[in-house]
Amino acid sequence: MISESEIKALVQLLDDDDPEVITHVEGKIMSAGTSIIPLLEIEWESTFNPLIQERIEDLVHELQFELLQERFLVWKETGAAHLLEGLWIVATYQYPDLELEVLVRQMEQMYHEVWRQMREEMNPKDQVKVFNDVFFNQFQFRPNTKNFHSPANSMINLVLETRKGNPIALCSVYLMLAQKTNLPIFGVNLPNLFILTYKLTDTDAFYINVFNRGLIFTKEDIDNYLENLQLQKQDFFYEPCTNLDIVLRTLRNLIISFEKLGDYYKADEIKTILQKIDDQYFSL
């Protein structure tokens with residue numbers, strides 16, 4: 001572990017004219033690992049040298065990106081049990097200081113309001129209708145049709161703040177609240193559209209289009225949708241997907257968002273994450 005005094009000494013060398021010195025110093029700092037980030041942030045605040053600040057920013061970003069990958073691997077290897085945690089890790093790419101506890105509190109507040117209005121004796125479709133009323137009318141969640149490809153749609157903190165998102169973002173919030181309310185609602189990975197299913201048994205299920213204000217539809221509607229896209233039916237187009245599937249699709253959307261903005265550096269960084277956590281990932 002590098003001491004605070006060693007960090008101070010190394011940081012002072014970040015404006016050296018010799019590229020070899022800079023390479024050595026940066027390598028030494030990076031070797032200390034992600035735990036050194038707070039010390040670097042303190043050094044950034046205490047220096048007025050713009051060159052040193054810029055190089056500290058680059059180092060902090062590299063270390064934060066390393067931390068992001070570490071978190072994703074731990075989340076995946078421990079079973080990807082909590083979707084909110086996975087989406088929080090995604091959001092820390094843009095908002096590294098975002099705290100998971102903040103998101104947990106926001107979800108808890110909404111859950112209590114949903115729980116207050118649900119009744120156990122309701123049939124499944126009536127449960128969804130009540131849930132839709134709270135979600136769309138009271139909480140005012142809605143599709144972000146104006147900025148459909150914005151990176152904000154993949155940032156759970158912004159989705160909760162603005163109450164706007166793309167299909168997978170809205171579905172993610174919806175299903176997390178629904179599952180906390182003990183509704184058997186899960187994500188479904190359709191091509192070009194992410195939806196939900198209310199699934200009690202294999203024969204007792206229907207589907208929910210959250211991007212269309214919670215519209216309820218059937219397996220036959222999915223058949224027609226796939227037929228219009230000229231795609232063959234696959235079981236996974238009808239069955240619940242995993243939390244990992246949802247986070248992977250969120251990351252793929254984020255790549256598209258950054259590419260549409262022309263930010264290929266960030267798009268490539270997200271591709272690096274996908275390579276680490278998606279067993280099916282391949283790069284053309």
# chains A, B, ... in the order shown; residues from 1 in each chain; ligands from 1
$ select_by_dssp --residues "segment 134-257 of chain A" --states "helix (DSSP H, G or I)" --output "VMD selection string"
chain A and resid 134 to 138 151 to 154 156 to 162 167 to 180 210 to 212 219 to 228 235 to 237 243 to 257
$ residues_around --residues "Met155 of chain A" --least-positions-apart "6" --cutoff "8 Å" --atoms "only C-alpha atoms" --output "list of chain:residue names"
A:Leu87, A:Trp88, A:Val90, A:Ala91
$ write_last_selection --atoms "C-alpha atoms" --output "JSON list (two decimals), in the first residue's frame"
[["chain", "number", "residue", "atom", "x", "y", "z"],
["A", 87, "LEU", "CA", -28.06, -1.15, -12.64],
["A", 88, "TRP", "CA", -26.29, 0.94, -9.98],
["A", 90, "VAL", "CA", -23.88, 0.61, -14.77],
["A", 91, "ALA", "CA", -24.73, 4.13, -13.56]]
$ closest_atom_pairs --of "segment 44-147 of chain A" --to "segment 273-279 of chain A" --cutoff "9 Å" --atoms "only C-alpha atoms" --output "Markdown table"
| residue | atom | partner | partner_atom | distance |
| --- | --- | --- | --- | --- |
| A:Leu68 | CA | A:Ile273 | CA | 8.5 |
| A:Gln69 | CA | A:Ile273 | CA | 6.3 |
| A:Phe72 | CA | A:Ile277 | CA | 7.2 |
| A:Leu73 | CA | A:Ile277 | CA | 6.5 |
| A:Lys76 | CA | A:Ile277 | CA | 7.2 |
$ write_last_selection --atoms "all heavy atoms" --output "mmCIF file, in the first residue's frame"
data_model
loop_
_atom_site.group_PDB
_atom_site.id
_atom_site.type_symbol
_atom_site.label_atom_id
_atom_site.label_comp_id
_atom_site.auth_asym_id
_atom_site.auth_seq_id
_atom_site.Cartn_x
_atom_site.Cartn_y
_atom_site.Cartn_z
ATOM 1 N N LEU A 68 -15.137 -0.423 -11.504
ATOM 2 C CA LEU A 68 -16.409 -0.772 -12.136
ATOM 3 C C LEU A 68 -16.388 -2.228 -12.607
ATOM 4 O O LEU A 68 -17.330 -2.991 -12.359
ATOM 5 C CB LEU A 68 -16.647 0.161 -13.321
ATOM 6 C CG LEU A 68 -17.936 -0.009 -14.123
ATOM 7 C CD1 LEU A 68 -19.099 0.626 -13.391
ATOM 8 C CD2 LEU A 68 -17.791 0.643 -15.495
ATOM 9 N N GLN A 69 -15.306 -2.624 -13.268
ATOM 10 C CA GLN A 69 -15.190 -3.998 -13.755
ATOM 11 C C GLN A 69 -15.122 -4.991 -12.605
ATOM 12 O O GLN A 69 -15.725 -6.075 -12.671
ATOM 13 C CB GLN A 69 -13.953 -4.120 -14.649
ATOM 14 C CG GLN A 69 -14.070 -3.307 -15.940
ATOM 15 C CD GLN A 69 -12.785 -3.326 -16.747
ATOM 16 O OE1 GLN A 69 -12.481 -4.314 -17.415
ATOM 17 N NE2 GLN A 69 -12.010 -2.253 -16.680
ATOM 18 N N PHE A 72 -18.640 -5.447 -11.275
ATOM 19 C CA PHE A 72 -19.469 -6.256 -12.168
ATOM 20 C C PHE A 72 -19.146 -7.740 -12.016
ATOM 21 O O PHE A 72 -20.052 -8.579 -11.973
ATOM 22 C CB PHE A 72 -19.253 -5.837 -13.627
ATOM 23 C CG PHE A 72 -20.291 -4.870 -14.128
ATOM 24 C CD1 PHE A 72 -19.910 -3.690 -14.747
ATOM 25 C CD2 PHE A 72 -21.634 -5.144 -14.000
ATOM 26 C CE1 PHE A 72 -20.854 -2.798 -15.207
ATOM 27 C CE2 PHE A 72 -22.595 -4.255 -14.465
ATOM 28 C CZ PHE A 72 -22.200 -3.089 -15.070
ATOM 29 N N LEU A 73 -17.852 -8.077 -11.942
ATOM 30 C CA LEU A 73 -17.460 -9.482 -11.826
ATOM 31 C C LEU A 73 -17.946 -10.078 -10.512
ATOM 32 O O LEU A 73 -18.444 -11.204 -10.487
ATOM 33 C CB LEU A 73 -15.942 -9.613 -11.954
ATOM 34 C CG LEU A 73 -15.389 -9.405 -13.369
ATOM 35 C CD1 LEU A 73 -13.866 -9.372 -13.357
ATOM 36 C CD2 LEU A 73 -15.875 -10.507 -14.317
ATOM 37 N N LYS A 76 -21.737 -10.571 -10.757
ATOM 38 C CA LYS A 76 -22.070 -11.726 -11.595
ATOM 39 C C LYS A 76 -21.731 -13.036 -10.880
ATOM 40 O O LYS A 76 -22.541 -13.961 -10.831
ATOM 41 C CB LYS A 76 -21.313 -11.651 -12.924
ATOM 42 C CG LYS A 76 -21.581 -12.853 -13.833
ATOM 43 C CD LYS A 76 -20.712 -12.830 -15.076
ATOM 44 C CE LYS A 76 -20.939 -14.090 -15.903
ATOM 45 N NZ LYS A 76 -20.056 -14.129 -17.100
#
$ residues_around --residues "Arg249 of chain A" --least-positions-apart "6" --cutoff "12 Å" --atoms "only C-alpha atoms" --output "list in words"
Gly86, Leu87, Val90, Ser154, Asn166, Pro167, Ile168, Ala169, Ser172, Gly187, Val188, Asn189, Leu190, Pro191, Asn192, Leu193, Phe194, Cys241, Thr242, Asn243, Ile255, Ile256, Ile270, Lys271, Leu274, Ile277, Asp278 and Tyr281 of chain A
$ write_last_selection --atoms "N, CA, C and O atoms" --output "short mmCIF file (atom, residue, chain, number, x, y, z; two decimals), in the first residue's frame"
data_model
loop_
_atom_site.label_atom_id
_atom_site.label_comp_id
_atom_site.auth_asym_id
_atom_site.auth_seq_id
_atom_site.Cartn_x
_atom_site.Cartn_y
_atom_site.Cartn_z
N GLY A 86 -26.98 -4.23 -9.95
CA GLY A 86 -26.39 -4.28 -11.28
C GLY A 86 -26.58 -2.99 -12.05
O GLY A 86 -25.66 -2.49 -12.70
N LEU A 87 -27.78 -2.41 -11.95
CA LEU A 87 -28.06 -1.15 -12.64
C LEU A 87 -27.30 0.02 -11.99
O LEU A 87 -26.90 0.96 -12.67
N VAL A 90 -23.85 -0.03 -13.45
CA VAL A 90 -23.88 0.61 -14.77
C VAL A 90 -23.82 2.13 -14.61
O VAL A 90 -23.03 2.82 -15.28
N SER A 154 -30.03 4.74 -19.70
CA SER A 154 -29.35 3.57 -19.11
C SER A 154 -28.84 3.86 -17.71
O SER A 154 -28.20 2.99 -17.10
N ASN A 166 -36.20 4.45 -21.55
CA ASN A 166 -36.49 3.61 -22.71
C ASN A 166 -37.21 2.34 -22.21
O ASN A 166 -37.44 2.19 -21.00
N PRO A 167 -37.58 1.41 -23.09
CA PRO A 167 -38.36 0.24 -22.63
C PRO A 167 -37.70 -0.54 -21.51
O PRO A 167 -38.35 -0.87 -20.51
N ILE A 168 -36.40 -0.83 -21.62
CA ILE A 168 -35.77 -1.68 -20.60
C ILE A 168 -35.61 -0.93 -19.28
O ILE A 168 -35.72 -1.52 -18.20
N ALA A 169 -35.40 0.38 -19.34
CA ALA A 169 -35.27 1.16 -18.11
C ALA A 169 -36.59 1.19 -17.35
O ALA A 169 -36.64 0.96 -16.14
N SER A 172 -37.41 -2.19 -15.96
CA SER A 172 -36.56 -2.54 -14.82
C SER A 172 -37.14 -1.97 -13.53
O SER A 172 -37.24 -2.68 -12.51
N GLY A 187 -38.76 -9.92 -16.58
CA GLY A 187 -38.39 -9.35 -17.86
C GLY A 187 -38.40 -10.38 -18.97
O GLY A 187 -38.17 -11.57 -18.74
N VAL A 188 -38.67 -9.91 -20.19
CA VAL A 188 -38.65 -10.79 -21.38
C VAL A 188 -37.88 -10.07 -22.48
O VAL A 188 -38.20 -8.94 -22.85
N ASN A 189 -36.88 -10.75 -23.03
CA ASN A 189 -35.99 -10.18 -24.03
C ASN A 189 -36.55 -10.37 -25.44
O ASN A 189 -36.19 -11.31 -26.14
N LEU A 190 -37.41 -9.46 -25.87
CA LEU A 190 -37.88 -9.50 -27.27
C LEU A 190 -36.93 -8.71 -28.16
O LEU A 190 -36.31 -7.75 -27.70
N PRO A 191 -36.82 -9.06 -29.43
CA PRO A 191 -36.01 -8.25 -30.35
C PRO A 191 -36.59 -6.84 -30.48
O PRO A 191 -37.81 -6.69 -30.67
N ASN A 192 -35.75 -5.83 -30.35
CA ASN A 192 -36.15 -4.42 -30.53
C ASN A 192 -37.11 -3.88 -29.46
O ASN A 192 -37.52 -2.74 -29.53
N LEU A 193 -37.49 -4.73 -28.52
CA LEU A 193 -38.43 -4.27 -27.48
C LEU A 193 -38.27 -5.15 -26.24
O LEU A 193 -38.27 -6.37 -26.34
N PHE A 194 -38.16 -4.50 -25.11
CA PHE A 194 -38.10 -5.25 -23.85
C PHE A 194 -39.48 -5.15 -23.19
O PHE A 194 -40.05 -4.06 -23.10
N CYS A 241 -36.32 -13.64 -18.43
CA CYS A 241 -34.86 -13.58 -18.54
C CYS A 241 -34.26 -13.28 -17.17
O CYS A 241 -34.99 -13.01 -16.20
N THR A 242 -32.96 -13.31 -17.07
CA THR A 242 -32.29 -13.13 -15.78
C THR A 242 -31.92 -11.66 -15.56
O THR A 242 -31.95 -10.84 -16.48
N ASN A 243 -31.54 -11.35 -14.32
CA ASN A 243 -31.04 -10.01 -14.02
C ASN A 243 -29.80 -9.69 -14.85
O ASN A 243 -29.61 -8.56 -15.30
N ILE A 255 -23.92 1.33 -25.37
CA ILE A 255 -22.95 1.37 -26.49
C ILE A 255 -23.57 2.12 -27.67
O ILE A 255 -22.94 3.00 -28.26
N ILE A 256 -24.80 1.76 -28.01
CA ILE A 256 -25.48 2.42 -29.13
C ILE A 256 -25.62 3.92 -28.86
O ILE A 256 -25.40 4.75 -29.75
N ILE A 270 -17.39 0.45 -22.72
CA ILE A 270 -18.53 -0.40 -22.37
C ILE A 270 -18.39 -1.77 -23.04
O ILE A 270 -18.74 -2.80 -22.45
N LYS A 271 -17.85 -1.80 -24.26
CA LYS A 271 -17.59 -3.09 -24.92
C LYS A 271 -16.59 -3.92 -24.12
O LYS A 271 -16.72 -5.15 -24.03
N LEU A 274 -18.50 -5.57 -21.40
CA LEU A 274 -19.28 -6.70 -21.94
C LEU A 274 -18.40 -7.93 -22.15
O LEU A 274 -18.82 -9.05 -21.87
N ILE A 277 -18.05 -9.74 -18.80
CA ILE A 277 -19.17 -10.35 -18.06
C ILE A 277 -20.18 -11.11 -18.93
O ILE A 277 -21.05 -11.79 -18.41
N ASP A 278 -20.07 -10.96 -20.25
CA ASP A 278 -21.02 -11.65 -21.14
C ASP A 278 -20.32 -12.84 -21.78
O ASP A 278 -19.45 -12.68 -22.63
N TYR A 281 -20.43 -12.87 -25.55
CA TYR A 281 -20.01 -11.68 -26.26
C TYR A 281 -18.95 -12.00 -27.29
O TYR A 281 -18.02 -12.77 -27.06
#
$ closest_residue --among "A:Tyr95, A:Tyr198, A:Phe217, A:Tyr174" --to "Met107 of chain A" --atoms "only C-alpha atoms"
A:Tyr174
$ closest_residue --among "A:Glu227, A:Glu26, A:Asp268, A:Asp221" --to "Ile208 of chain A" --atoms "only C-alpha atoms"
A:Asp221
$ atom_distance --atom1 "atom CA of Leu175 of chain A" --atom2 "atom CA of Leu67 of chain A"
27.6 Å
$ select_by_dssp --residues "segment 34-270 of chain A" --states "strand (DSSP E or B)" --output "MDAnalysis selection string"
chainID A and resid 142:143 164:165 185:190 193:199 205:209 215:217
$ write_last_selection --atoms "C-alpha atoms" --output "PDB file, in the first residue's frame"
ATOM      1  CA  ARG A 142     -43.300   7.722 -19.115  1.00  0.00           C
ATOM      2  CA  PRO A 143     -41.363   6.836 -22.266  1.00  0.00           C
ATOM      3  CA  LYS A 164     -38.439   8.901 -18.068  1.00  0.00           C
ATOM      4  CA  GLY A 165     -36.681   6.056 -19.830  1.00  0.00           C
ATOM      5  CA  ILE A 185     -43.468 -10.264 -12.922  1.00  0.00           C
ATOM      6  CA  PHE A 186     -40.263 -10.815 -14.919  1.00  0.00           C
ATOM      7  CA  GLY A 187     -38.390  -9.351 -17.865  1.00  0.00           C
ATOM      8  CA  VAL A 188     -38.648 -10.785 -21.380  1.00  0.00           C
ATOM      9  CA  ASN A 189     -35.991 -10.178 -24.030  1.00  0.00           C
ATOM     10  CA  LEU A 190     -37.881  -9.505 -27.266  1.00  0.00           C
ATOM     11  CA  LEU A 193     -38.428  -4.270 -27.481  1.00  0.00           C
ATOM     12  CA  PHE A 194     -38.104  -5.246 -23.847  1.00  0.00           C
ATOM     13  CA  ILE A 195     -41.340  -6.331 -22.161  1.00  0.00           C
ATOM     14  CA  LEU A 196     -42.550  -8.043 -18.975  1.00  0.00           C
ATOM     15  CA  THR A 197     -44.502 -11.184 -18.237  1.00  0.00           C
ATOM     16  CA  TYR A 198     -46.865 -11.899 -15.357  1.00  0.00           C
ATOM     17  CA  LYS A 199     -46.161 -15.598 -14.936  1.00  0.00           C
ATOM     18  CA  ALA A 205     -49.128 -16.088 -18.061  1.00  0.00           C
ATOM     19  CA  PHE A 206     -49.652 -12.843 -19.939  1.00  0.00           C
ATOM     20  CA  TYR A 207     -47.432  -9.986 -21.056  1.00  0.00           C
ATOM     21  CA  ILE A 208     -47.077  -6.281 -20.250  1.00  0.00           C
ATOM     22  CA  ASN A 209     -45.760  -3.555 -22.544  1.00  0.00           C
ATOM     23  CA  LEU A 215     -50.702  -2.546 -22.067  1.00  0.00           C
ATOM     24  CA  ILE A 216     -51.601  -6.196 -21.402  1.00  0.00           C
ATOM     25  CA  PHE A 217     -51.238  -8.619 -24.304  1.00  0.00           C
TER      26      PHE A 217
END
$ atom_distance --atom1 "atom CA of Gly262 of chain A" --atom2 "atom CA of Lys146 of chain A"
18.6 Å
$ closest_residue --among "A:Gln94, A:Asn212, A:Gln106, A:Ser150" --to "Glu259 of chain A" --atoms "only C-alpha atoms"
A:Ser150
$ residues_around --residues "Glu66 of chain A" --least-positions-apart "6" --cutoff "10 Å" --atoms "only C-alpha atoms" --output "list in words"
Met30, Gly33, Thr34, Val60 and Ile273 of chain A
$ write_last_selection --atoms "N, CA, C and O atoms" --output "PDB file, in the first residue's frame"
ATOM      1  N   MET A  30      -0.996   3.614 -10.536  1.00  0.00           N
ATOM      2  CA  MET A  30      -1.997   2.627 -10.938  1.00  0.00           C
ATOM      3  C   MET A  30      -1.798   1.297 -10.200  1.00  0.00           C
ATOM      4  O   MET A  30      -2.766   0.601  -9.899  1.00  0.00           O
ATOM      5  N   GLY A  33      -3.811   0.356  -7.025  1.00  0.00           N
ATOM      6  CA  GLY A  33      -5.181  -0.148  -7.090  1.00  0.00           C
ATOM      7  C   GLY A  33      -6.236   0.895  -6.776  1.00  0.00           C
ATOM      8  O   GLY A  33      -5.934   2.061  -6.511  1.00  0.00           O
ATOM      9  N   THR A  34      -7.487   0.439  -6.776  1.00  0.00           N
ATOM     10  CA  THR A  34      -8.625   1.354  -6.692  1.00  0.00           C
ATOM     11  C   THR A  34      -8.770   2.034  -5.324  1.00  0.00           C
ATOM     12  O   THR A  34      -9.423   3.059  -5.209  1.00  0.00           O
ATOM     13  N   VAL A  60      -7.655   8.807 -12.235  1.00  0.00           N
ATOM     14  CA  VAL A  60      -8.852   8.476 -11.453  1.00  0.00           C
ATOM     15  C   VAL A  60      -9.874   7.751 -12.322  1.00  0.00           C
ATOM     16  O   VAL A  60     -10.492   6.770 -11.896  1.00  0.00           O
ATOM     17  N   ILE A 273     -16.301  -3.916 -20.896  1.00  0.00           N
ATOM     18  CA  ILE A 273     -17.064  -4.487 -19.782  1.00  0.00           C
ATOM     19  C   ILE A 273     -17.858  -5.707 -20.250  1.00  0.00           C
ATOM     20  O   ILE A 273     -17.873  -6.752 -19.592  1.00  0.00           O
TER      21      ILE A 273
END
$ atom_distance --atom1 "atom CA of Asp263 of chain A" --atom2 "atom CA of His24 of chain A"
28.9 Å
$ closest_residue --among "A:Arg105, A:Arg252, A:Arg119, A:Lys8" --to "Thr47 of chain A" --atoms "only C-alpha atoms"
A:Lys8
$ decode --residues "segment 86-188 of chain A" --atoms "C-alpha atoms" --output "short mmCIF file (atom, residue, chain, number, x, y, z; two decimals), in the first residue's frame"
data_model
loop_
_atom_site.label_atom_id
_atom_site.label_comp_id
_atom_site.auth_asym_id
_atom_site.auth_seq_id
_atom_site.Cartn_x
_atom_site.Cartn_y
_atom_site.Cartn_z
CA GLY A 86 -26.39 -4.28 -11.28
CA LEU A 87 -28.06 -1.15 -12.64
CA TRP A 88 -26.29 0.94 -9.98
CA ILE A 89 -22.94 -0.41 -11.21
CA VAL A 90 -23.88 0.61 -14.77
CA ALA A 91 -24.73 4.13 -13.56
CA THR A 92 -21.42 4.49 -11.71
CA TYR A 93 -19.71 4.57 -15.10
CA GLN A 94 -21.05 8.12 -15.53
CA TYR A 95 -21.65 8.87 -11.85
CA PRO A 96 -18.83 7.22 -9.88
CA ASP A 97 -19.87 8.85 -6.59
CA LEU A 98 -23.44 7.54 -6.80
CA GLU A 99 -24.33 5.53 -3.68
CA LEU A 100 -26.43 2.37 -3.92
CA GLU A 101 -28.18 3.29 -0.66
CA VAL A 102 -29.65 6.40 -2.30
CA LEU A 103 -31.32 4.27 -4.97
CA VAL A 104 -32.51 1.74 -2.38
CA ARG A 105 -34.24 4.53 -0.41
CA GLN A 106 -35.94 5.88 -3.55
CA MET A 107 -37.24 2.42 -4.46
CA GLU A 108 -38.42 1.83 -0.87
CA GLN A 109 -40.46 5.04 -0.91
CA MET A 110 -42.20 4.04 -4.13
CA TYR A 111 -42.72 0.46 -2.95
CA HIS A 112 -44.63 1.59 0.15
CA GLU A 113 -47.03 3.58 -2.01
CA VAL A 114 -47.60 0.63 -4.38
CA TRP A 115 -48.02 -1.80 -1.48
CA ARG A 116 -50.60 0.51 0.13
CA GLN A 117 -52.88 0.26 -2.91
CA MET A 118 -52.54 -3.44 -3.75
CA ARG A 119 -55.04 -6.04 -2.50
CA GLU A 120 -54.27 -9.76 -2.28
CA GLU A 121 -57.78 -10.76 -3.33
CA MET A 122 -57.40 -9.05 -6.74
CA ASN A 123 -57.03 -11.24 -9.81
CA PRO A 124 -53.74 -10.86 -11.72
CA LYS A 125 -54.98 -8.48 -14.41
CA ASP A 126 -56.66 -6.24 -11.85
CA GLN A 127 -53.40 -6.20 -9.88
CA VAL A 128 -51.58 -5.01 -12.98
CA LYS A 129 -54.23 -2.36 -13.67
CA VAL A 130 -53.83 -0.94 -10.15
CA PHE A 131 -50.05 -1.15 -10.45
CA ASN A 132 -50.20 0.67 -13.81
CA ASP A 133 -52.32 3.43 -12.29
CA VAL A 134 -49.77 4.05 -9.54
CA PHE A 135 -46.76 3.70 -11.84
CA PHE A 136 -47.95 5.88 -14.73
CA ASN A 137 -50.47 8.28 -13.16
CA GLN A 138 -49.19 8.77 -9.64
CA PHE A 139 -45.43 8.30 -10.14
CA GLN A 140 -45.73 9.65 -13.72
CA PHE A 141 -43.21 7.32 -15.34
CA ARG A 142 -43.30 7.72 -19.11
CA PRO A 143 -41.36 6.84 -22.27
CA ASN A 144 -38.44 9.06 -23.20
CA THR A 145 -39.50 9.28 -26.85
CA LYS A 146 -37.77 12.63 -27.48
CA ASN A 147 -34.34 11.33 -26.51
CA PHE A 148 -34.78 7.62 -27.05
CA HIS A 149 -31.05 6.96 -27.56
CA SER A 150 -29.80 9.20 -24.75
CA PRO A 151 -27.27 7.58 -22.35
CA ALA A 152 -29.54 8.89 -19.56
CA ASN A 153 -31.96 6.05 -20.35
CA SER A 154 -29.35 3.57 -19.11
CA MET A 155 -28.63 5.45 -15.88
CA ILE A 156 -31.01 4.21 -13.18
CA ASN A 157 -30.44 7.33 -11.04
CA LEU A 158 -31.59 9.61 -13.88
CA VAL A 159 -34.53 7.36 -14.73
CA LEU A 160 -35.73 7.55 -11.12
CA GLU A 161 -35.12 11.30 -11.03
CA THR A 162 -36.78 12.27 -14.33
CA ARG A 163 -39.33 9.41 -14.38
CA LYS A 164 -38.44 8.90 -18.07
CA GLY A 165 -36.68 6.06 -19.83
CA ASN A 166 -36.49 3.61 -22.71
CA PRO A 167 -38.36 0.24 -22.63
CA ILE A 168 -35.77 -1.68 -20.60
CA ALA A 169 -35.27 1.16 -18.11
CA LEU A 170 -39.00 1.52 -17.43
CA CYS A 171 -39.44 -2.25 -17.29
CA SER A 172 -36.56 -2.54 -14.82
CA VAL A 173 -38.11 -0.08 -12.36
CA TYR A 174 -41.57 -1.62 -12.88
CA LEU A 175 -40.45 -5.21 -12.26
CA MET A 176 -38.29 -4.33 -9.23
CA LEU A 177 -41.28 -2.66 -7.59
CA ALA A 178 -43.63 -5.45 -8.69
CA GLN A 179 -41.39 -8.22 -7.35
CA LYS A 180 -41.01 -6.39 -4.04
CA THR A 181 -44.81 -6.35 -3.92
CA ASN A 182 -44.71 -10.16 -4.49
CA LEU A 183 -46.13 -9.99 -8.01
CA PRO A 184 -44.66 -12.73 -10.27
CA ILE A 185 -43.47 -10.26 -12.92
CA PHE A 186 -40.26 -10.82 -14.92
CA GLY A 187 -38.39 -9.35 -17.86
CA VAL A 188 -38.65 -10.79 -21.38
#
